[in-house]
Amino acid sequence: MRDYAKKVKEIEKAVAHVGDRLEKFFKDFNKKHCPKCRCCCCNQCAGAVGYISGDLYRTPCLDKYKDFLKKTYGFSEKTGFLTPKKGCNLPRYLRSQTCLSHLCGKAEDEKFATKLFTVNCDGIEYDVPLHSVVLSMSRHISRVQRKILSKK
Ligand code: SF4
Ligand code: SF4
């Protein structure tokens, strides 16, 4: 168990800043919709265990890691990591690629996918769909998670 605590700390150190940025993008949306959500994907959280298996299937330590996350972040057999008070209880930097990148029905209703976000590249500003930025950040987090979790 201590091993996983160490790995989680390492993941946090490496990608918390990206997770925080994602948190900011979704803050208002999550506050408004998630605590009382009875919608689609997060309601499958208990059975899918935050969709972690599908994402990290190549990681040999997956089952123990999954157990660690369940114990540490108050997983319930009924609602998974979804809590009535704050929505998802799993820090963003520990979520699966599915949870980080998928836009649920409610997010689609709010047109998250097409919202524009300005990025600066070598002094030139470009407007890109927010969801492209979210996808890149999600992939980055997943790569780091895999790398750290598969270390002996
Ligand atoms: S992200 Fe979407 S599906 Fe998940 S709890 Fe929030 S509103 Fe519901
Ligand atoms: S975002 Fe959180 S509550 Fe929703 S499925 Fe993923 S881990 Fe579960």
# chains A, B, ... in the order shown; residues from 1 in each chain; ligands from 1

call {"tool": "select_by_dssp", "arguments": {"residues": "chain A", "states": "alpha helix (DSSP H)", "output": "compact mmCIF listing (two decimals) with C-alpha atoms, in the first residue's frame"}}
result
# COMPACT_ATOMS: atom_id res chain seq x y z
CA ARG A 2 2.82 2.39 0.88
CA ASP A 3 4.19 1.83 -2.60
CA TYR A 4 1.03 3.16 -4.18
CA ALA A 5 0.91 6.14 -1.85
CA LYS A 6 4.42 6.96 -3.05
CA LYS A 7 3.49 6.56 -6.70
CA VAL A 8 0.38 8.68 -6.28
CA LYS A 9 2.53 11.42 -4.70
CA GLU A 10 4.89 11.18 -7.64
CA ILE A 11 2.02 11.48 -10.13
CA GLU A 12 0.66 14.42 -8.19
CA LYS A 13 4.02 16.17 -8.27
CA ALA A 14 4.43 15.60 -11.99
CA VAL A 15 0.95 16.53 -13.25
CA ALA A 16 -1.03 18.33 -10.54
CA HIS A 17 -0.55 21.63 -12.37
CA VAL A 18 -2.20 20.16 -15.48
CA GLY A 19 -4.97 18.64 -13.33
CA ASP A 20 -5.51 22.02 -11.67
CA ARG A 21 -5.86 23.70 -15.03
CA LEU A 22 -8.44 21.11 -16.10
CA GLU A 23 -10.21 21.66 -12.80
CA LYS A 24 -10.48 25.37 -13.60
CA PHE A 25 -11.97 24.70 -17.05
CA PHE A 26 -14.70 22.54 -15.54
CA LYS A 27 -15.17 24.24 -12.16
CA ASP A 28 -18.46 26.04 -12.80
CA PHE A 29 -19.88 23.16 -14.78
CA ASN A 30 -18.97 20.60 -12.09
CA LYS A 31 -20.39 22.76 -9.32
CA LYS A 32 -23.65 23.25 -11.16
CA HIS A 33 -24.27 19.70 -12.40
CA CYS A 45 -18.63 4.62 -11.95
CA ALA A 46 -19.18 1.90 -9.32
CA GLY A 47 -19.25 -0.92 -11.90
CA ALA A 48 -16.54 0.57 -14.09
CA ILE A 52 -9.55 2.72 -14.78
CA SER A 53 -9.21 -0.89 -15.96
CA GLY A 54 -9.83 -0.12 -19.60
CA ASP A 55 -7.23 2.61 -19.61
CA LEU A 62 -3.43 -2.13 -11.88
CA ASP A 63 -5.51 -4.21 -9.45
CA LYS A 64 -3.59 -3.10 -6.41
CA TYR A 65 -3.60 0.49 -7.58
CA LYS A 66 -7.34 0.28 -8.10
CA ASP A 67 -7.75 -1.06 -4.54
CA PHE A 68 -5.58 1.75 -3.24
CA LEU A 69 -7.70 4.40 -5.00
CA LYS A 70 -10.89 2.78 -3.77
CA LYS A 71 -9.73 2.83 -0.16
CA THR A 72 -8.19 6.28 -0.28
CA GLN A 97 -8.15 8.82 -19.59
CA THR A 98 -11.85 8.11 -20.18
CA CYS A 99 -12.93 10.32 -17.28
CA LEU A 100 -10.48 13.06 -18.19
CA SER A 101 -11.36 13.32 -21.82
CA GLY A 105 -24.28 14.53 -22.19
CA LYS A 106 -24.60 17.55 -19.91
CA ALA A 107 -21.22 18.93 -20.99
CA GLU A 108 -22.27 18.50 -24.59
CA ASP A 109 -25.48 20.39 -23.89
CA LEU A 130 -11.36 23.82 -25.69
CA HIS A 131 -11.90 20.10 -26.04
CA SER A 132 -8.69 19.74 -28.08
CA VAL A 133 -6.79 21.34 -25.21
CA VAL A 134 -8.55 19.05 -22.72
CA LEU A 135 -7.68 15.98 -24.81
CA SER A 136 -3.99 16.91 -25.02
CA MET A 137 -3.81 17.50 -21.29
CA SER A 138 -5.63 14.20 -20.60
CA ARG A 139 -3.18 12.27 -22.77
CA HIS A 140 -0.27 13.90 -21.01
CA ILE A 141 -1.64 12.93 -17.59
CA SER A 142 -2.28 9.34 -18.74
CA ARG A 143 1.23 8.96 -20.12
CA VAL A 144 2.73 10.12 -16.82
CA GLN A 145 0.42 7.84 -14.79
CA ARG A 146 1.43 4.82 -16.88
CA LYS A 147 5.10 5.63 -16.68
CA ILE A 148 5.09 6.01 -12.91
CA LEU A 149 2.79 3.07 -12.21

call {"tool": "select_by_dssp", "arguments": {"residues": "segment 2-148 of chain A", "states": "strand (DSSP E or B)", "output": "list in words"}}
result
Ser76, Gly80, Leu82, Thr83, Gly87, Cys88, Leu116, Phe117, Thr118, Val119, Asn120, Cys121, Ile124, Glu125, Tyr126, Asp127, Val128 and Pro129 of chain A

call {"tool": "closest_residue", "arguments": {"among": "A:Lys115, A:His102, A:Lys152, A:Arg95", "to": "ligand 2", "atoms": "only C-alpha atoms and all ligand atoms"}}
result
A:Arg95

call {"tool": "closest_atom_pairs", "arguments": {"of": "chain A", "to": "ligand 1", "cutoff": "8 Å", "atoms": "only C-alpha atoms and all ligand atoms", "output": "tab-separated table"}}
result
residue	atom	partner	partner_atom_place_in_ligand_line	distance
A:Phe29	CA	ligand 1	6 (Fe)	7.7
A:Asn30	CA	ligand 1	6 (Fe)	5.6
A:His33	CA	ligand 1	7 (S)	4.8
A:Cys34	CA	ligand 1	6 (Fe)	3.7
A:Pro35	CA	ligand 1	5 (S)	6.7
A:Lys36	CA	ligand 1	5 (S)	7.6
A:Cys37	CA	ligand 1	8 (Fe)	4.5
A:Arg38	CA	ligand 1	8 (Fe)	6.4
A:Cys39	CA	ligand 1	3 (S)	5.0
A:Cys40	CA	ligand 1	3 (S)	5.4
A:Cys41	CA	ligand 1	3 (S)	5.0
A:Cys42	CA	ligand 1	4 (Fe)	4.3
A:Asn43	CA	ligand 1	3 (S)	6.8
A:Leu82	CA	ligand 1	5 (S)	6.8
A:Gly87	CA	ligand 1	5 (S)	5.7
A:Cys88	CA	ligand 1	5 (S)	6.6
A:Leu103	CA	ligand 1	2 (Fe)	7.1
A:Cys104	CA	ligand 1	2 (Fe)	4.7
A:Gly105	CA	ligand 1	2 (Fe)	6.6
A:Lys106	CA	ligand 1	7 (S)	5.5
A:Ala107	CA	ligand 1	2 (Fe)	6.3

call {"tool": "write_last_selection", "arguments": {"atoms": "C-alpha atoms", "output": "mmCIF file, in the first residue's frame"}}
result
data_model
loop_
_atom_site.group_PDB
_atom_site.id
_atom_site.type_symbol
_atom_site.label_atom_id
_atom_site.label_comp_id
_atom_site.auth_asym_id
_atom_site.auth_seq_id
_atom_site.Cartn_x
_atom_site.Cartn_y
_atom_site.Cartn_z
ATOM 1 C CA PHE A 29 -19.877 23.162 -14.784
ATOM 2 C CA ASN A 30 -18.972 20.602 -12.090
ATOM 3 C CA HIS A 33 -24.275 19.699 -12.402
ATOM 4 C CA CYS A 34 -22.207 16.996 -10.712
ATOM 5 C CA PRO A 35 -23.337 16.807 -7.075
ATOM 6 C CA LYS A 36 -26.916 15.948 -7.992
ATOM 7 C CA CYS A 37 -26.112 14.125 -11.208
ATOM 8 C CA ARG A 38 -28.137 11.086 -12.199
ATOM 9 C CA CYS A 39 -26.771 11.135 -15.727
ATOM 10 C CA CYS A 40 -24.977 8.677 -17.987
ATOM 11 C CA CYS A 41 -21.254 7.924 -17.577
ATOM 12 C CA CYS A 42 -20.555 8.822 -13.922
ATOM 13 C CA ASN A 43 -23.510 6.751 -12.849
ATOM 14 C CA LEU A 82 -19.277 10.082 -7.259
ATOM 15 C CA GLY A 87 -19.354 15.232 -7.534
ATOM 16 C CA CYS A 88 -16.231 13.183 -8.353
ATOM 17 C CA LEU A 103 -17.622 14.863 -22.343
ATOM 18 C CA CYS A 104 -20.869 13.664 -20.804
ATOM 19 C CA GLY A 105 -24.282 14.530 -22.187
ATOM 20 C CA LYS A 106 -24.598 17.551 -19.909
ATOM 21 C CA ALA A 107 -21.222 18.928 -20.987
#

call {"tool": "closest_residue", "arguments": {"among": "A:Tyr126, A:Tyr93, A:Phe81, A:Phe75", "to": "ligand 2", "atoms": "only C-alpha atoms and all ligand atoms"}}
result
A:Phe81

call {"tool": "closest_residue", "arguments": {"among": "A:Ala113, A:Leu90, A:Val128, A:Val119", "to": "ligand 2", "atoms": "only C-alpha atoms and all ligand atoms"}}
result
A:Leu90

call {"tool": "closest_residue", "arguments": {"among": "A:Lys151, A:Leu94, A:Gln44, A:Pro129", "to": "Phe112 of chain A", "atoms": "only C-alpha atoms"}}
result
A:Pro129

call {"tool": "atom_distance", "arguments": {"atom1": "atom CA of Cys121 of chain A", "atom2": "atom CA of Arg92 of chain A"}}
result
25.7 Å

call {"tool": "closest_residue", "arguments": {"among": "A:Ser96, A:Leu116, A:Lys78, A:Pro84", "to": "ligand 2", "atoms": "only C-alpha atoms and all ligand atoms"}}
result
A:Ser96

call {"tool": "closest_residue", "arguments": {"among": "A:Lys85, A:Gly80, A:Ser150, A:Tyr73", "to": "ligand 2", "atoms": "only C-alpha atoms and all ligand atoms"}}
result
A:Gly80
